Amino acid sequence: MVRKWFSFIGKEIRGLHEAAYLLAFFALSSQLLALVRDKLLALTFGASHSLDIYYSAFRIPDIVFASVGSLVSASILLPYFIERFGKGNEEGKTFSNEIFTVFFFLIIIISAIVYIIAPWLIPKVIPGFANDSYLPQLILSMRIMLLSPIFLGLSNLFSSLTQMRHRFLVYAASPVVYNMGIIFGLLFAYPMFGISGLAIGVAVGAFLHMAIQVPFMSREGLVPRLTRIVEWSKIKMIILTSLPRTITLSANQLASFVLIAIASLMVPGSISIFIFAFNIQAVPLTIIGASYSSAVFPALSKLYFDKNLKEFLEKMITSAKHIIFWSMPIMVLFIVLRAQIVRVILGAGKFDWSDTRLTAAMLALFIISTIGQSLIILFVRAFYAEGKTARPLVINAVSAVVIVLSAYFLTKAFYAFPVFAYFIEDLLKVGGQVGTSVLILGIAYSIGVILNTVLHWWVFERAYPGFTRPVLSTLFHSFSASVITGYAAFLSLRFFNIIFPLTKVWGVFMQGFCAGILGLIIGTIVLVLLKNNELQEVWSTFHHKIWKAKVPPAEVEHI
C-alpha cells in the first residue's frame, strides 16, 4: 500500500492540464484538511483572544521564511537546476550541495537570533499584546514555530529538484501532510501543552512537508549534502537573482503583518476573523491559481531558455484563460453563498452566529480579489522564468504600500465618520455587530491586490503584445455565465430554504450545495451555448487524460 502510494506521487507528468488538474486534486485534499483544521479550531476556541495568540505566533516565522526561505524557492532555483543538470548530473549535484549548505547555516543563524530577541521583538511589532497576560505563551509559541521556516525552506529546495524531474505530485502532496501535522497538534499536543501544543503541531507539519519528498530524492540520488567547498560566485548569482523575489515576498508578508498588527488593536477575535476568512478564500486560490502556475512554470522556464517565445506566450494565454474560466464562477458563488459556506465550515462549538456573520462578510471582501491573486501568481512565475525578478518586486512593493496606507486611512475614516461605517455594515449585512471595524482590513487587502493585478497585466502585455485579447474573450464568456450562475443560485436559496431545516448544519449545507449545483448547471448551459473553448478543453482533458493516465511502476527504497 505504501509502495503504491509513493509510486503514484512519484510519477512523471508533462501535460499542462493533466499536471494542473492532478495538482489541483492534491491542493483540494490539502485545503479540505485545512478546512478540517479550521473547523476544529473554531469549534474549540471560536473567534477568541486565545486563537488570536495562536495566529499571531505565525507572523514572525512567516517573515523569516519569506526573507530567507525564498532564497531557495523553486521559482528561483528551478531554471538554474534545469541548466546545471542539463550539463551533467555531477555538476547539478555539486550546485545543489552548495545551495543547501549556504541556506542551512543561514536559516539556522537567523532563526537563532530571532529566538533570542523574541521577548523584546513581539511587543514592538504586535502592539495589541504588549501588556497582555498571555504574552509569555505567545513568545513560547512563536519560538517553537521558528522550526517551521527551517523545514519549509529545505522543502522548497527539495521541491525545485522534484519539479525539475516533473514529479509534481511529490511537491503537491507536501501541504497535505503539513495540515495533518497541525491537526495532530490540535488533537493531541494542545490538551497536554495548551497553546504551545498548537505550535508543536505546526513544527511537526513543516517537518512532514519536507520529509515526504526525501524518499523520491533518495531513490534518484538527489538529496543534497553539506559541503566544505562553496563556489561563492554561484551563490552570489543566486542571491542577486532571488533578492528581488525575497523583497517581494517580504513586502507582501509585511503588509499582512501590518494588517494583523492593526487587528490586534481591535476587539478580541478580530485576528481570528481575519485569518479564518483569509484561509477560506485561499481554497480556490490554491486549487486553481497555484496549481496552474506550478504546472506551467517548468515549461515556461524551458521555453524561455530555448528562446521559443511564441509558445511561451501561448502557454501563458492558455493558463490565464483557464484560471479565469475556473475562478470566475467560484468567486460569484462564494459571494452568494458566503454565509452557508462559513456556517458549514466553521459553525460549531464556540463559533457562534455573530462570528459567522463577520467572517462571511470578510470572506466576500477577500474573494473579490481571488482571480487577481491567481493571475498574479501566474505573471510572477512568467517573469521568474525569464529571470526578470525586478518587475514583480516593484509592483508588489507598490501594492504592499497601497494595502498598508488603505488600511490605515480607511480605519481612521471608519471610526471618524459614522456614515461610512454604517454604509460598510449595511452593504455587508452586519449591522449591529461588535467588531465590524476588522472588515476595513479586507477592503484594504483587495484594493492592493486589484491594483497589483492591473499593473502585472499591463507590464506583461507590453512585453508580449497579443496576450490580452484572447484572455478578455474568455473573461467575457466566464463573467456572463458566472453572473447567471450567481443569480440562479441566489434565487434558488429561497426555494431550498423551505425544503431544508436551517437550524441544522446539514440543512445549511444542503441549501448551499443544491443552490450552487443548480447555478453551475445553468452556467454550464450558458457556456455550451456560447461554444466556450475552455469548457471543451476541460472535457477533453478529463476524458482523455486524467481518467486514462497510467502510473508507471517505481521502486521506493526509503519510506
# chains A, B, ... in the order shown; residues from 1 in each chain; ligands from 1

$ closest_atom_pairs --of "range 232-258 of chain A" --to "range 434-446 of chain A" --cutoff "10 Å" --atoms "only C-alpha atoms" --output "tab-separated table"
residue	atom	partner	partner_atom	distance
A:Ala255	CA	A:Tyr445	CA	8.7
A:Ser256	CA	A:Tyr445	CA	8.4
A:Val258	CA	A:Leu441	CA	9.9

$ residues_around --residues "Ile484 in chain A" --least-positions-apart "2" --cutoff "9 Å" --atoms "only C-alpha atoms" --output "list in words"
Phe479, Ser480, Ala481, Ser482, Gly486, Tyr487, Ala488, Ala489, Gly519, Ile522, Gly523 and Val526 of chain A

$ residues_around --residues "range 42-56 of chain A" --least-positions-apart "3" --cutoff "6 Å" --atoms "only C-alpha atoms" --output "ChimeraX atom specification"
/A:38-39,59,138,268-269,271-272,346,348-351

$ residues_around --residues "Ile377 in chain A" --least-positions-apart "4" --cutoff "7 Å" --atoms "only C-alpha atoms" --output "list in words"
Gly289, Ala290, Ser293, Gln373 and Arg381 of chain A

$ closest_atom_pairs --of "range 219-297 of chain A" --to "range 129-136 of chain A" --cutoff "10 Å" --atoms "only C-alpha atoms" --output "Markdown table"
| residue | atom | partner | partner_atom | distance |
| --- | --- | --- | --- | --- |
| A:Ala261 | CA | A:Phe129 | CA | 9.4 |
| A:Ser264 | CA | A:Phe129 | CA | 7.2 |
| A:Leu265 | CA | A:Phe129 | CA | 8.5 |

$ residues_around --residues "range 102-105 of chain A" --least-positions-apart "5" --cutoff "12 Å" --atoms "only C-alpha atoms" --output "ChimeraX atom specification"
/A:65,67-73,95-97,110-112,149-157,224-232,234-236,238-239

$ residues_around --residues "Val449 in chain A" --least-positions-apart "6" --cutoff "12 Å" --atoms "only C-alpha atoms" --output "number ranges by chain"
A: 252, 255-256, 365-377, 395-404, 406, 442-443, 455-456

$ residues_around --residues "Ser319 in chain A" --least-positions-apart "6" --cutoff "8 Å" --atoms "only C-alpha atoms" --output "list in words"
Tyr292, Ser293, Val296 and Leu378 of chain A

$ closest_residue --among "A:Ala263, A:Ala413, A:Ala382, A:Met145" --to "Ile126 in chain A" --atoms "only C-alpha atoms"
A:Ala263

$ closest_residue --among "A:Pro175, A:Gly516, A:Gly185, A:Gly432" --to "Phe334 in chain A" --atoms "only C-alpha atoms"
A:Gly516
